[in-house]
>>> print(open('query_24.cif').read())   # mmCIF, C-alpha atoms and all ligand atoms
data_query
loop_
_atom_site.label_atom_id
_atom_site.label_comp_id
_atom_site.auth_asym_id
_atom_site.auth_seq_id
_atom_site.Cartn_x
_atom_site.Cartn_y
_atom_site.Cartn_z
CA MET A 170 84.69 47.23 -28.49
CA SER A 171 84.36 43.42 -28.45
CA GLN A 172 87.54 41.35 -28.51
CA PRO A 173 88.26 39.54 -31.81
CA THR A 174 87.85 35.79 -31.32
CA PRO A 175 90.05 33.17 -33.02
CA ASP A 176 88.26 30.19 -34.55
CA TYR A 177 90.29 27.01 -34.16
CA SER A 178 87.51 24.66 -35.31
CA SER A 179 89.01 23.68 -38.70
CA THR A 180 90.52 20.19 -38.71
CA ALA A 181 93.00 21.01 -41.49
CA PRO A 182 96.69 20.78 -40.54
CA VAL A 183 98.84 23.87 -40.05
CA LEU A 184 102.29 24.18 -41.62
CA VAL A 185 105.00 25.65 -39.39
CA THR A 186 108.29 26.33 -41.19
CA GLY A 187 111.48 26.29 -39.11
CA ALA A 188 109.67 24.32 -36.41
CA THR A 189 112.94 23.64 -34.55
CA GLY A 190 113.34 27.39 -33.90
CA TYR A 191 113.03 29.32 -30.64
CA LEU A 192 109.84 31.17 -31.51
CA ALA A 193 108.41 28.28 -33.52
CA GLY A 194 108.61 25.98 -30.47
CA TRP A 195 106.01 28.11 -28.68
CA ILE A 196 103.86 28.39 -31.82
CA VAL A 197 103.86 24.61 -32.20
CA LYS A 198 102.96 24.23 -28.51
CA ARG A 199 99.97 26.58 -28.81
CA LEU A 200 98.76 24.82 -31.97
CA LEU A 201 99.01 21.42 -30.25
CA GLU A 202 97.08 22.83 -27.29
CA GLU A 203 94.32 23.83 -29.70
CA GLY A 204 94.22 20.24 -31.00
CA LYS A 205 95.79 21.07 -34.36
CA THR A 206 97.81 18.71 -36.51
CA VAL A 207 101.12 20.49 -37.05
CA HIS A 208 103.07 19.88 -40.22
CA ALA A 209 106.52 20.71 -38.90
CA ALA A 210 108.93 21.61 -41.71
CA VAL A 211 112.50 21.14 -40.50
CA ARG A 212 115.86 20.86 -42.19
CA ASP A 213 116.69 17.48 -40.72
CA PRO A 214 113.83 15.38 -39.30
CA SER A 215 116.30 12.55 -38.61
CA ASN A 216 118.04 14.70 -35.98
CA LYS A 217 116.00 13.34 -33.05
CA GLN A 218 117.79 15.54 -30.54
CA LYS A 219 116.59 18.70 -32.29
CA ILE A 220 112.96 17.63 -32.35
CA ALA A 221 112.76 15.82 -28.97
CA HIS A 222 111.12 18.80 -27.24
CA LEU A 223 108.43 18.94 -29.96
CA ASP A 224 107.77 15.20 -29.62
CA ASP A 225 107.44 15.62 -25.84
CA MET A 226 104.86 18.38 -26.32
CA ALA A 227 102.86 16.36 -28.82
CA ALA A 228 102.82 13.38 -26.43
CA SER A 229 101.05 15.37 -23.72
CA LEU A 230 98.85 17.76 -25.73
CA PRO A 231 95.70 17.14 -27.79
CA GLY A 232 97.21 17.84 -31.23
CA ASP A 233 99.55 15.79 -33.43
CA ILE A 234 102.84 16.55 -35.11
CA LYS A 235 104.24 15.27 -38.41
CA TYR A 236 107.70 16.13 -39.66
CA PHE A 237 108.69 17.05 -43.20
CA LYS A 238 112.16 17.70 -44.57
CA ALA A 239 112.42 21.13 -46.16
CA ASP A 240 115.12 23.71 -46.80
CA LEU A 241 114.41 27.36 -47.61
CA LEU A 242 116.87 27.19 -50.50
CA ASP A 243 115.48 24.01 -52.10
CA GLU A 244 112.84 25.03 -54.58
CA GLY A 245 109.61 23.07 -54.07
CA SER A 246 110.78 21.47 -50.82
CA PHE A 247 107.72 22.70 -48.87
CA ASP A 248 105.24 21.19 -51.36
CA GLU A 249 104.74 18.00 -49.41
CA ALA A 250 104.53 19.65 -45.97
CA ILE A 251 101.87 22.14 -47.12
CA GLN A 252 99.46 19.50 -48.51
CA GLY A 253 95.96 19.94 -46.98
CA CYS A 254 96.96 22.88 -44.76
CA ASP A 255 94.63 25.88 -44.45
CA VAL A 256 97.05 28.03 -42.45
CA VAL A 257 100.81 28.44 -42.92
CA MET A 258 103.09 29.95 -40.28
CA HIS A 259 106.34 30.87 -41.99
CA THR A 260 108.88 31.50 -39.23
CA ALA A 261 112.05 30.05 -40.80
CA SER A 262 114.72 32.63 -41.55
CA PRO A 263 118.31 32.85 -40.36
CA PHE A 264 118.72 35.00 -37.23
CA THR A 265 122.41 34.84 -36.46
CA SER A 266 125.42 37.08 -36.10
CA GLU A 267 127.69 34.40 -37.56
CA VAL A 268 127.71 35.85 -41.03
CA THR A 269 130.57 35.75 -43.50
CA ASP A 270 128.61 36.46 -46.65
CA PRO A 271 125.40 38.42 -45.91
CA GLN A 272 123.86 37.65 -49.30
CA LYS A 273 124.39 33.91 -48.98
CA ASP A 274 123.96 33.56 -45.21
CA LEU A 275 121.00 35.91 -44.64
CA VAL A 276 119.35 37.45 -47.68
CA ASP A 277 119.11 34.38 -49.92
CA PRO A 278 117.48 32.09 -47.34
CA ALA A 279 115.19 34.90 -46.13
CA VAL A 280 114.02 36.12 -49.54
CA ARG A 281 114.27 33.02 -51.70
CA GLY A 282 112.91 31.01 -48.77
CA THR A 283 109.86 33.27 -48.48
CA ARG A 284 109.23 32.99 -52.22
CA ASN A 285 109.65 29.22 -51.97
CA VAL A 286 107.12 28.84 -49.12
CA LEU A 287 104.61 31.26 -50.65
CA GLY A 288 105.07 29.57 -54.04
CA ALA A 289 104.02 26.32 -52.36
CA ALA A 290 100.96 28.19 -50.98
CA ASN A 291 100.13 29.32 -54.53
CA ARG A 292 100.18 25.71 -55.69
CA THR A 293 98.02 24.40 -52.82
CA ASP A 294 94.28 25.06 -53.00
CA SER A 295 93.61 24.36 -49.33
CA VAL A 296 95.72 27.33 -48.13
CA LYS A 297 93.64 30.29 -46.97
CA ARG A 298 96.00 32.22 -44.73
CA VAL A 299 99.76 32.72 -44.52
CA VAL A 300 101.28 34.28 -41.42
CA VAL A 301 104.85 35.45 -42.03
CA THR A 302 107.18 36.18 -39.13
CA SER A 303 108.66 39.47 -40.19
CA SER A 304 110.30 41.83 -37.71
CA CYS A 305 110.46 45.39 -36.47
CA ALA A 306 113.69 45.23 -38.49
CA ALA A 307 111.47 45.45 -41.59
CA ILE A 308 109.92 48.63 -40.15
CA TYR A 309 113.07 50.61 -39.32
CA GLY A 310 116.77 50.21 -40.05
CA ASP A 311 118.62 52.25 -37.41
CA ALA A 312 117.29 53.91 -34.26
CA VAL A 313 117.98 57.31 -35.83
CA ASP A 314 115.22 56.53 -38.39
CA VAL A 315 112.60 56.50 -35.62
CA ALA A 316 112.79 60.31 -35.45
CA GLN A 317 111.34 60.44 -39.00
CA SER A 318 108.08 58.75 -37.96
CA PRO A 319 105.12 60.90 -36.88
CA GLY A 320 105.32 61.35 -33.09
CA GLN A 321 108.81 59.76 -33.23
CA THR A 322 107.02 56.41 -32.89
CA LEU A 323 107.15 53.57 -35.41
CA THR A 324 103.87 52.24 -36.82
CA GLU A 325 102.90 49.59 -39.34
CA ASP A 326 103.00 52.31 -42.05
CA ASP A 327 106.78 52.57 -41.71
CA TRP A 328 109.22 50.57 -43.82
CA ASN A 329 112.93 50.07 -43.39
CA THR A 330 114.48 52.01 -46.26
CA THR A 331 118.00 52.36 -44.87
CA SER A 332 119.44 48.88 -44.36
CA ARG A 333 121.80 47.46 -46.97
CA LEU A 334 123.77 44.33 -47.61
CA ASP A 335 126.79 46.02 -46.00
CA HIS A 336 124.91 47.78 -43.18
CA GLN A 337 122.39 46.04 -40.87
CA SER A 338 122.32 43.04 -43.18
CA TYR A 339 119.93 41.00 -41.00
CA SER A 340 117.43 43.89 -41.09
CA PHE A 341 117.96 44.09 -44.85
CA SER A 342 117.14 40.39 -45.17
CA LYS A 343 113.93 40.86 -43.18
CA VAL A 344 112.64 43.88 -45.11
CA GLU A 345 113.44 42.30 -48.47
CA ALA A 346 111.70 39.09 -47.41
CA GLU A 347 108.60 40.92 -46.21
CA LYS A 348 108.44 42.95 -49.44
CA ALA A 349 108.66 39.71 -51.44
CA ALA A 350 105.83 38.26 -49.34
CA TRP A 351 103.51 41.22 -49.99
CA GLU A 352 104.32 41.17 -53.71
CA MET A 353 103.29 37.51 -53.93
CA ALA A 354 100.22 38.01 -51.73
CA ASP A 355 99.03 40.94 -53.84
CA ALA A 356 99.42 38.93 -57.06
CA GLN A 357 96.66 36.46 -56.12
CA ASP A 358 93.42 36.43 -54.10
CA ARG A 359 92.96 32.93 -52.63
CA TRP A 360 95.09 33.26 -49.52
CA LYS A 361 95.54 36.22 -47.25
CA LEU A 362 98.89 37.37 -45.87
CA VAL A 363 99.22 38.63 -42.30
CA THR A 364 102.61 39.59 -40.89
CA ILE A 365 103.83 39.67 -37.31
CA ASN A 366 106.63 42.19 -36.76
CA PRO A 367 108.21 41.53 -33.35
CA SER A 368 110.90 43.57 -31.66
CA LEU A 369 113.66 41.68 -29.76
CA ILE A 370 112.11 38.43 -28.58
CA VAL A 371 113.05 37.34 -25.06
CA GLY A 372 111.99 34.59 -22.68
CA PRO A 373 112.67 30.90 -22.25
CA GLY A 374 112.81 28.46 -25.15
CA THR A 375 110.86 25.21 -25.36
CA ALA A 376 114.12 23.32 -26.01
CA LYS A 377 116.98 23.20 -23.48
CA THR A 378 119.28 24.98 -25.90
CA GLN A 379 118.39 27.33 -28.75
CA THR A 380 120.39 28.74 -31.62
CA SER A 381 118.47 32.03 -31.95
CA GLU A 382 120.55 35.19 -31.74
CA SER A 383 118.24 36.20 -28.85
CA PHE A 384 120.06 33.62 -26.71
CA ASN A 385 123.55 34.70 -27.82
CA PHE A 386 122.63 38.19 -26.89
CA MET A 387 121.37 37.16 -23.45
CA LYS A 388 124.46 35.02 -22.92
CA GLN A 389 126.62 38.08 -23.52
CA ALA A 390 124.76 39.91 -20.75
CA GLY A 391 126.14 37.38 -18.25
CA ASP A 392 129.46 36.16 -19.65
CA GLY A 393 131.45 39.35 -19.20
CA THR A 394 131.23 40.64 -22.78
CA PHE A 395 129.71 43.86 -21.45
CA LYS A 396 131.40 44.03 -18.05
CA MET A 397 133.05 47.34 -18.95
CA GLY A 398 129.65 48.75 -19.90
CA VAL A 399 127.10 48.76 -22.65
CA PRO A 400 126.41 51.18 -25.47
CA LYS A 401 123.27 53.22 -24.73
CA MET A 402 121.02 51.66 -27.35
CA GLU A 403 117.27 51.39 -26.96
CA ILE A 404 115.25 48.55 -28.37
CA GLY A 405 111.76 47.08 -28.06
CA MET A 406 111.41 43.76 -26.24
CA VAL A 407 108.62 41.23 -26.08
CA ASP A 408 108.00 37.87 -24.41
CA VAL A 409 108.35 34.96 -26.86
CA ARG A 410 105.03 33.51 -25.67
CA ASP A 411 103.23 36.74 -26.61
CA VAL A 412 104.80 36.60 -30.09
CA ALA A 413 103.62 33.00 -30.48
CA GLU A 414 100.11 33.97 -29.38
CA ALA A 415 100.15 36.81 -31.92
CA HIS A 416 100.83 34.21 -34.65
CA LEU A 417 97.86 32.11 -33.58
CA LEU A 418 95.58 35.14 -33.48
CA ALA A 419 96.88 36.27 -36.88
CA GLY A 420 96.20 32.80 -38.26
CA PHE A 421 92.75 32.23 -36.84
CA ILE A 422 90.97 35.57 -36.39
CA GLU A 423 88.81 35.99 -39.45
CA ASN A 424 89.45 39.67 -40.04
CA ALA A 425 93.17 39.76 -39.26
CA GLU A 426 94.97 41.73 -41.98
CA GLY A 427 98.21 43.52 -42.72
CA ARG A 428 101.24 44.04 -40.54
CA HIS A 429 101.39 43.99 -36.74
CA ILE A 430 104.08 45.47 -34.54
CA VAL A 431 104.43 43.10 -31.60
CA SER A 432 106.52 44.77 -28.91
CA LYS A 433 105.86 45.23 -25.19
CA GLU A 434 108.44 47.57 -23.67
CA THR A 435 111.34 49.73 -24.76
CA HIS A 436 114.56 49.38 -22.79
CA ASP A 437 118.25 49.74 -23.23
CA PHE A 438 120.80 47.01 -22.62
CA LEU A 439 121.65 48.24 -19.13
CA PHE A 440 118.10 47.38 -18.10
CA ILE A 441 118.85 43.71 -18.80
CA GLY A 442 121.91 43.89 -16.52
CA GLU A 443 119.85 45.51 -13.77
CA VAL A 444 117.05 42.96 -14.00
CA LEU A 445 119.50 40.05 -13.92
CA ARG A 446 121.57 41.46 -11.06
CA LYS A 447 118.42 41.95 -8.98
CA LYS A 448 117.51 38.29 -9.52
CA PHE A 449 120.91 36.53 -9.65
CA GLY A 450 123.08 38.86 -7.54
CA ASP A 451 126.67 39.83 -8.26
CA LYS A 452 127.88 36.32 -9.16
CA TYR A 453 127.94 37.19 -12.87
CA PRO A 454 129.61 40.14 -14.63
CA PHE A 455 126.38 41.84 -15.70
CA PRO A 456 126.83 45.28 -17.24
CA LYS A 457 126.75 48.10 -14.68
CA GLY A 458 127.05 51.27 -16.72
CA TYR A 459 127.14 52.87 -20.14
CA LEU A 460 130.14 53.16 -22.41
CA PRO A 461 130.49 56.68 -23.81
CA LYS A 462 129.49 56.92 -27.45
CA TRP A 463 132.90 58.31 -28.49
CA MET A 464 134.60 55.30 -26.95
CA VAL A 465 132.34 52.80 -28.76
CA TRP A 466 132.87 54.76 -31.97
CA LEU A 467 136.63 54.53 -31.50
CA ILE A 468 137.10 50.93 -30.33
CA GLY A 469 133.78 49.28 -31.27
CA PRO A 470 134.80 48.29 -34.81
CA MET A 471 137.90 46.51 -33.45
CA ALA A 472 135.99 44.65 -30.73
CA ASN A 473 133.00 43.58 -32.84
CA LYS A 474 132.73 43.68 -36.62
CA ALA A 475 128.98 44.49 -36.40
CA LEU A 476 129.78 47.67 -34.43
CA THR A 477 130.80 49.75 -37.42
CA ARG A 478 131.14 53.51 -37.08
CA GLU A 479 127.94 53.94 -39.10
CA MET A 480 126.13 51.56 -36.75
CA VAL A 481 127.41 53.43 -33.68
CA ALA A 482 126.54 56.85 -35.09
CA LYS A 483 123.00 55.86 -36.05
CA ASN A 484 122.02 53.76 -33.04
CA ILE A 485 123.68 54.97 -29.85
CA ASN A 486 121.85 57.66 -27.83
CA HIS A 487 118.83 57.63 -30.17
CA PRO A 488 115.43 56.93 -28.58
CA TRP A 489 113.32 54.03 -29.88
CA ALA A 490 109.53 53.81 -29.71
CA ALA A 491 106.92 51.71 -31.50
CA ASP A 492 103.14 51.70 -31.38
CA ASN A 493 101.75 48.25 -30.49
CA SER A 494 98.09 49.33 -30.41
CA LYS A 495 97.09 47.49 -33.61
CA SER A 496 98.17 44.16 -32.10
CA LYS A 497 96.02 44.84 -29.04
CA GLU A 498 92.97 46.18 -30.88
CA LYS A 499 92.84 44.02 -34.02
CA LEU A 500 94.31 40.78 -32.66
CA GLY A 501 93.18 41.19 -29.05
CA LEU A 502 96.77 40.45 -27.93
CA SER A 503 97.54 41.09 -24.27
CA TYR A 504 101.15 41.44 -23.22
CA GLN A 505 103.10 40.14 -20.25
CA PRO A 506 105.93 42.21 -18.73
CA VAL A 507 109.38 41.29 -20.06
CA GLU A 508 111.26 41.23 -16.73
CA PRO A 509 110.23 37.68 -15.70
CA ALA A 510 110.91 36.52 -19.27
CA LEU A 511 114.49 37.83 -19.07
CA GLU A 512 115.01 36.05 -15.75
CA LYS A 513 113.70 32.72 -17.06
CA MET A 514 115.79 33.00 -20.21
CA PHE A 515 118.98 33.59 -18.23
CA GLN A 516 118.11 30.72 -15.87
CA GLN A 517 117.80 28.46 -18.91
CA LEU A 518 121.31 29.44 -20.03
CA LEU A 519 122.62 28.64 -16.53
CA ASP A 520 120.81 25.28 -16.48
CA ALA A 521 122.32 24.39 -19.86
CA GLY A 522 125.80 25.34 -18.56
CA LEU A 523 126.13 28.01 -21.26
CA VAL A 524 126.95 30.75 -18.77
CA LYS A 525 129.39 29.88 -16.01
CA LYS A 526 129.77 31.52 -12.62
P1 LIG A 601 115.88 30.56 -34.61
O1 LIG A 601 115.64 29.81 -33.36
O2 LIG A 601 117.28 30.60 -35.12
O3 LIG A 601 114.90 30.03 -35.72
C1 LIG A 601 115.17 30.14 -37.08
C2 LIG A 601 114.63 28.93 -37.78
O4 LIG A 601 114.88 29.06 -39.18
C3 LIG A 601 115.30 27.61 -37.33
O5 LIG A 601 114.32 26.64 -37.16
C4 LIG A 601 116.19 27.27 -38.50
O6 LIG A 601 116.36 25.88 -38.70
C5 LIG A 601 115.38 27.83 -39.65
N1 LIG A 601 116.22 28.00 -40.82
C6 LIG A 601 117.29 28.81 -40.99
N2 LIG A 601 117.80 28.64 -42.23
C7 LIG A 601 117.05 27.69 -42.83
C8 LIG A 601 117.06 27.07 -44.10
N3 LIG A 601 118.01 27.38 -45.02
N4 LIG A 601 116.12 26.16 -44.39
C9 LIG A 601 115.17 25.82 -43.49
N5 LIG A 601 115.10 26.37 -42.26
C10 LIG A 601 116.03 27.29 -41.94
O7 LIG A 601 115.44 32.08 -34.45
P2 LIG A 601 114.10 32.75 -33.90
O8 LIG A 601 114.53 33.86 -33.02
O9 LIG A 601 113.15 31.74 -33.39
O10 LIG A 601 113.54 33.39 -35.25
C11 LIG A 601 112.33 32.95 -35.84
C12 LIG A 601 111.81 34.04 -36.74
O11 LIG A 601 111.52 35.20 -35.96
C13 LIG A 601 112.79 34.49 -37.83
O12 LIG A 601 112.04 34.76 -38.99
C14 LIG A 601 113.36 35.79 -37.25
O13 LIG A 601 113.81 36.65 -38.26
C15 LIG A 601 112.12 36.33 -36.57
N6 LIG A 601 112.37 37.33 -35.52
C16 LIG A 601 113.13 36.99 -34.43
C17 LIG A 601 113.34 37.95 -33.42
C18 LIG A 601 114.14 37.63 -32.19
O14 LIG A 601 114.45 38.56 -31.43
N7 LIG A 601 114.47 36.37 -31.93
C19 LIG A 601 112.76 39.21 -33.53
C20 LIG A 601 111.98 39.51 -34.66
C21 LIG A 601 111.79 38.55 -35.64
P3 LIG A 601 117.50 25.05 -37.94
O15 LIG A 601 116.95 24.75 -36.56
O16 LIG A 601 117.64 23.82 -38.77
O17 LIG A 601 118.73 25.90 -37.90
#
>>> encode(input="query_24.cif", output="structure tokens", more="lines below")
Ligand code: NAP
Amino acid sequence: MSQPTPDYSSTAPVLVTGATGYLAGWIVKRLLEEGKTVHAAVRDPSNKQKIAHLDDMAASLPGDIKYFKADLLDEGSFDEAIQGCDVVMHTASPFTSEVTDPQKDLVDPAVRGTRNVLGAANRTDSVKRVVVTSSCAAIYGDAVDVAQSPGQTLTEDDWNTTSRLDHQSYSFSKVEAEKAAWEMADAQDRWKLVTINPSLIVGPGTAKTQTSESFNFMKQAGDGTFKMGVPKMEIGMVDVRDVAEAHLLAGFIENAEGRHIVSKETHDFLFIGEVLRKKFGDKYPFPKGYLPKWMVWLIGPMANKALTREMVAKNINHPWAADNSKSKEKLGLSYQPVEPALEKMFQQLLDAGLVKK
């Protein structure tokens, strides 16, 4: 079977929402490499520190970058940034564990933001394709759900039906946002929606420091949070550069359609400790063993408000598997191993002084 080929020949600009983000940085870089003009929608274009890494990329790569002020919650605020664009990459969505009100902090920006961006696409004749960064979190809610899928392996046919505002609220925000996106895509026929559904994204960022929860999580692997052990929880992982490439392929391969699981390997959290110890030695308190499920069930909710008893029951000691074959066959995506990505990501945290010896 011949590999699908992306066509980057259009001279129209490409809108990237949340361009300051961890994943978006690599998407912007790839677009600039292809000579594209990137319309970078950011919350605060006057914050030069937050966009310096994007300016540096644009200075040395063939494409150009223009900044536009836009907030997911401000109706119509993407209308200027989207002008003339043929492809939209909608990555912006809060990915944080610092949540006091899940509706306000996660669901509103994710869902209303998606409607806002896609509403702008509806009003802009030049738009032909919208790539939405969804997540494997829109495919399953808890690891226990994986057992319900044929072959105990998640596919693009699966939807998260179990997350709620008060349980796995980030996953709830992602599935509600993706549903809203498909509803709006199905209600018109000028632009086509393609979604990328990554598992846990790992690897270095294009900026020295990143706010993505991926980095908080990696920081915890080295700062002693898990020195007593980790819960045995499996999860898919994928290099951030592969996820960015998936977005470009989704945007520029003519026949790209539907959802795409983008995930390279399944591991548990102890794997991260083992990889990092092999590379960085025993200088850091990387996790060395598993915590028994009963212990996490008992003390987890006191140590971490996200580790509720329901969360523990439905995620610890349950295998996780997802089928990434559509991304390889339909997008022609090839994956890199995650181990070097984990090492580079941790090195970046050390260089930024965010993990101390
Ligand atoms: P990130 O670095 O935190 O990026 C999120 C972006 O969303 C930031 O640019 C942020 O802008 C922007 N944003 C948040 N609230 C906004 C608002 N109200 N208005 C405008 N922009 C807003 O996280 P990431 O990991 O790169 O995530 C990017 C996308 O990938 C998200 O859709 C996330 O759900 C998805 N995803 C991530 C993972 C993962 O493991 N990292 C896995 C699957 C899917 P500021 O810079 O101004 O805060």
>>> atom_distance(input="query_24.cif", atom1="CA of Lys396 (chain A)", atom2="CA of Thr477 (chain A)")
20.2 Å
>>> residues_around(input="query_24.cif", residues="region 214-225 of chain A", least_positions_apart="6", cutoff="9 Å", atoms="all atoms listed in the file", output="ChimeraX atom specification")
/A:188-189,194,197-198,234,236-238,375-377
>>> residues_near_ligand(input="query_24.cif", ligand="ligand LIG 601 (chain A)", cutoff="7 Å", atoms="all atoms listed in the file", output="ChimeraX atom specification")
/A:186-193,211-213,239-242,260-265,278,302-305,343,366-371,379-383
>>> closest_residue(input="query_24.cif", among="A:Met464, A:Ala350, A:Leu323, A:Ile441", to="Val507 (chain A)", atoms="all atoms listed in the file")
A:Ile441
>>> atom_distance(input="query_24.cif", atom1="CA of Arg284 (chain A)", atom2="CA of His429 (chain A)")
20.5 Å
>>> residues_around(input="query_24.cif", residues="Val183 (chain A)", least_positions_apart="2", cutoff="8 Å", atoms="only C-alpha atoms", output="NGL selection string")
:A and (181 or 185 or 205-208 or 251 or 254-258)
>>> write_last_selection(input="query_24.cif", atoms="C-alpha atoms", output="PDB file, in the frame of the given file")
ATOM      1  CA  ALA A 181      93.000  21.010 -41.490  1.00  0.00           C
ATOM      2  CA  VAL A 185     105.000  25.650 -39.390  1.00  0.00           C
ATOM      3  CA  LYS A 205      95.790  21.070 -34.360  1.00  0.00           C
ATOM      4  CA  THR A 206      97.810  18.710 -36.510  1.00  0.00           C
ATOM      5  CA  VAL A 207     101.120  20.490 -37.050  1.00  0.00           C
ATOM      6  CA  HIS A 208     103.070  19.880 -40.220  1.00  0.00           C
ATOM      7  CA  ILE A 251     101.870  22.140 -47.120  1.00  0.00           C
ATOM      8  CA  CYS A 254      96.960  22.880 -44.760  1.00  0.00           C
ATOM      9  CA  ASP A 255      94.630  25.880 -44.450  1.00  0.00           C
ATOM     10  CA  VAL A 256      97.050  28.030 -42.450  1.00  0.00           C
ATOM     11  CA  VAL A 257     100.810  28.440 -42.920  1.00  0.00           C
ATOM     12  CA  MET A 258     103.090  29.950 -40.280  1.00  0.00           C
TER      13      MET A 258
END
>>> closest_residue(input="query_24.cif", among="A:Asn484, A:Ser295, A:Asn424, A:Gln252", to="Glu498 (chain A)", atoms="all atoms listed in the file")
A:Asn424
>>> atom_distance(input="query_24.cif", atom1="CA of Thr435 (chain A)", atom2="CA of Gln317 (chain A)")
17.8 Å
>>> closest_residue(input="query_24.cif", among="A:Pro470, A:Gly320, A:Pro461, A:Gly374", to="Met514 (chain A)", atoms="only C-alpha atoms")
A:Gly374
>>> closest_residue(input="query_24.cif", among="A:His336, A:Asp492, A:Pro506, A:Tyr459", to="Arg410 (chain A)", atoms="all atoms listed in the file")
A:Pro506
>>> closest_residue(input="query_24.cif", among="A:Lys273, A:Lys452, A:Lys483, A:Arg478", to="Tyr309 (chain A)", atoms="all atoms listed in the file")
A:Lys483
>>> build_atoms(input="query_24.cif", residues="region 179-184 of chain A", atoms="all heavy atoms", output="mmCIF file, in the frame of the given file")
data_model
loop_
_atom_site.group_PDB
_atom_site.id
_atom_site.type_symbol
_atom_site.label_atom_id
_atom_site.label_comp_id
_atom_site.auth_asym_id
_atom_site.auth_seq_id
_atom_site.Cartn_x
_atom_site.Cartn_y
_atom_site.Cartn_z
ATOM 1 N N SER A 179 88.633 24.451 -37.507
ATOM 2 C CA SER A 179 89.010 23.680 -38.700
ATOM 3 C C SER A 179 89.906 22.491 -38.312
ATOM 4 O O SER A 179 90.742 22.599 -37.415
ATOM 5 C CB SER A 179 89.767 24.607 -39.672
ATOM 6 O OG SER A 179 90.645 23.867 -40.458
ATOM 7 N N THR A 180 89.689 21.378 -39.020
ATOM 8 C CA THR A 180 90.520 20.190 -38.710
ATOM 9 C C THR A 180 91.711 20.067 -39.658
ATOM 10 O O THR A 180 92.456 19.087 -39.607
ATOM 11 C CB THR A 180 89.658 18.906 -38.806
ATOM 12 O OG1 THR A 180 89.051 18.890 -40.101
ATOM 13 C CG2 THR A 180 88.604 18.851 -37.723
ATOM 14 N N ALA A 181 91.862 21.048 -40.548
ATOM 15 C CA ALA A 181 93.000 21.010 -41.490
ATOM 16 C C ALA A 181 94.311 21.190 -40.720
ATOM 17 O O ALA A 181 94.356 21.903 -39.715
ATOM 18 C CB ALA A 181 92.843 22.103 -42.535
ATOM 19 N N PRO A 182 95.388 20.557 -41.200
ATOM 20 C CA PRO A 182 96.690 20.780 -40.540
ATOM 21 C C PRO A 182 97.218 22.188 -40.776
ATOM 22 O O PRO A 182 96.746 22.899 -41.668
ATOM 23 C CB PRO A 182 97.595 19.735 -41.210
ATOM 24 C CG PRO A 182 96.904 19.277 -42.444
ATOM 25 C CD PRO A 182 95.450 19.589 -42.312
ATOM 26 N N VAL A 183 98.196 22.555 -39.951
ATOM 27 C CA VAL A 183 98.840 23.870 -40.050
ATOM 28 C C VAL A 183 100.324 23.639 -40.313
ATOM 29 O O VAL A 183 100.970 22.875 -39.585
ATOM 30 C CB VAL A 183 98.665 24.657 -38.730
ATOM 31 C CG1 VAL A 183 99.402 25.988 -38.785
ATOM 32 C CG2 VAL A 183 97.184 24.875 -38.416
ATOM 33 N N LEU A 184 100.854 24.286 -41.338
ATOM 34 C CA LEU A 184 102.290 24.180 -41.620
ATOM 35 C C LEU A 184 103.058 25.206 -40.783
ATOM 36 O O LEU A 184 102.703 26.391 -40.776
ATOM 37 C CB LEU A 184 102.555 24.448 -43.108
ATOM 38 C CG LEU A 184 104.028 24.625 -43.525
ATOM 39 C CD1 LEU A 184 104.862 23.375 -43.245
ATOM 40 C CD2 LEU A 184 104.132 24.996 -45.005
#
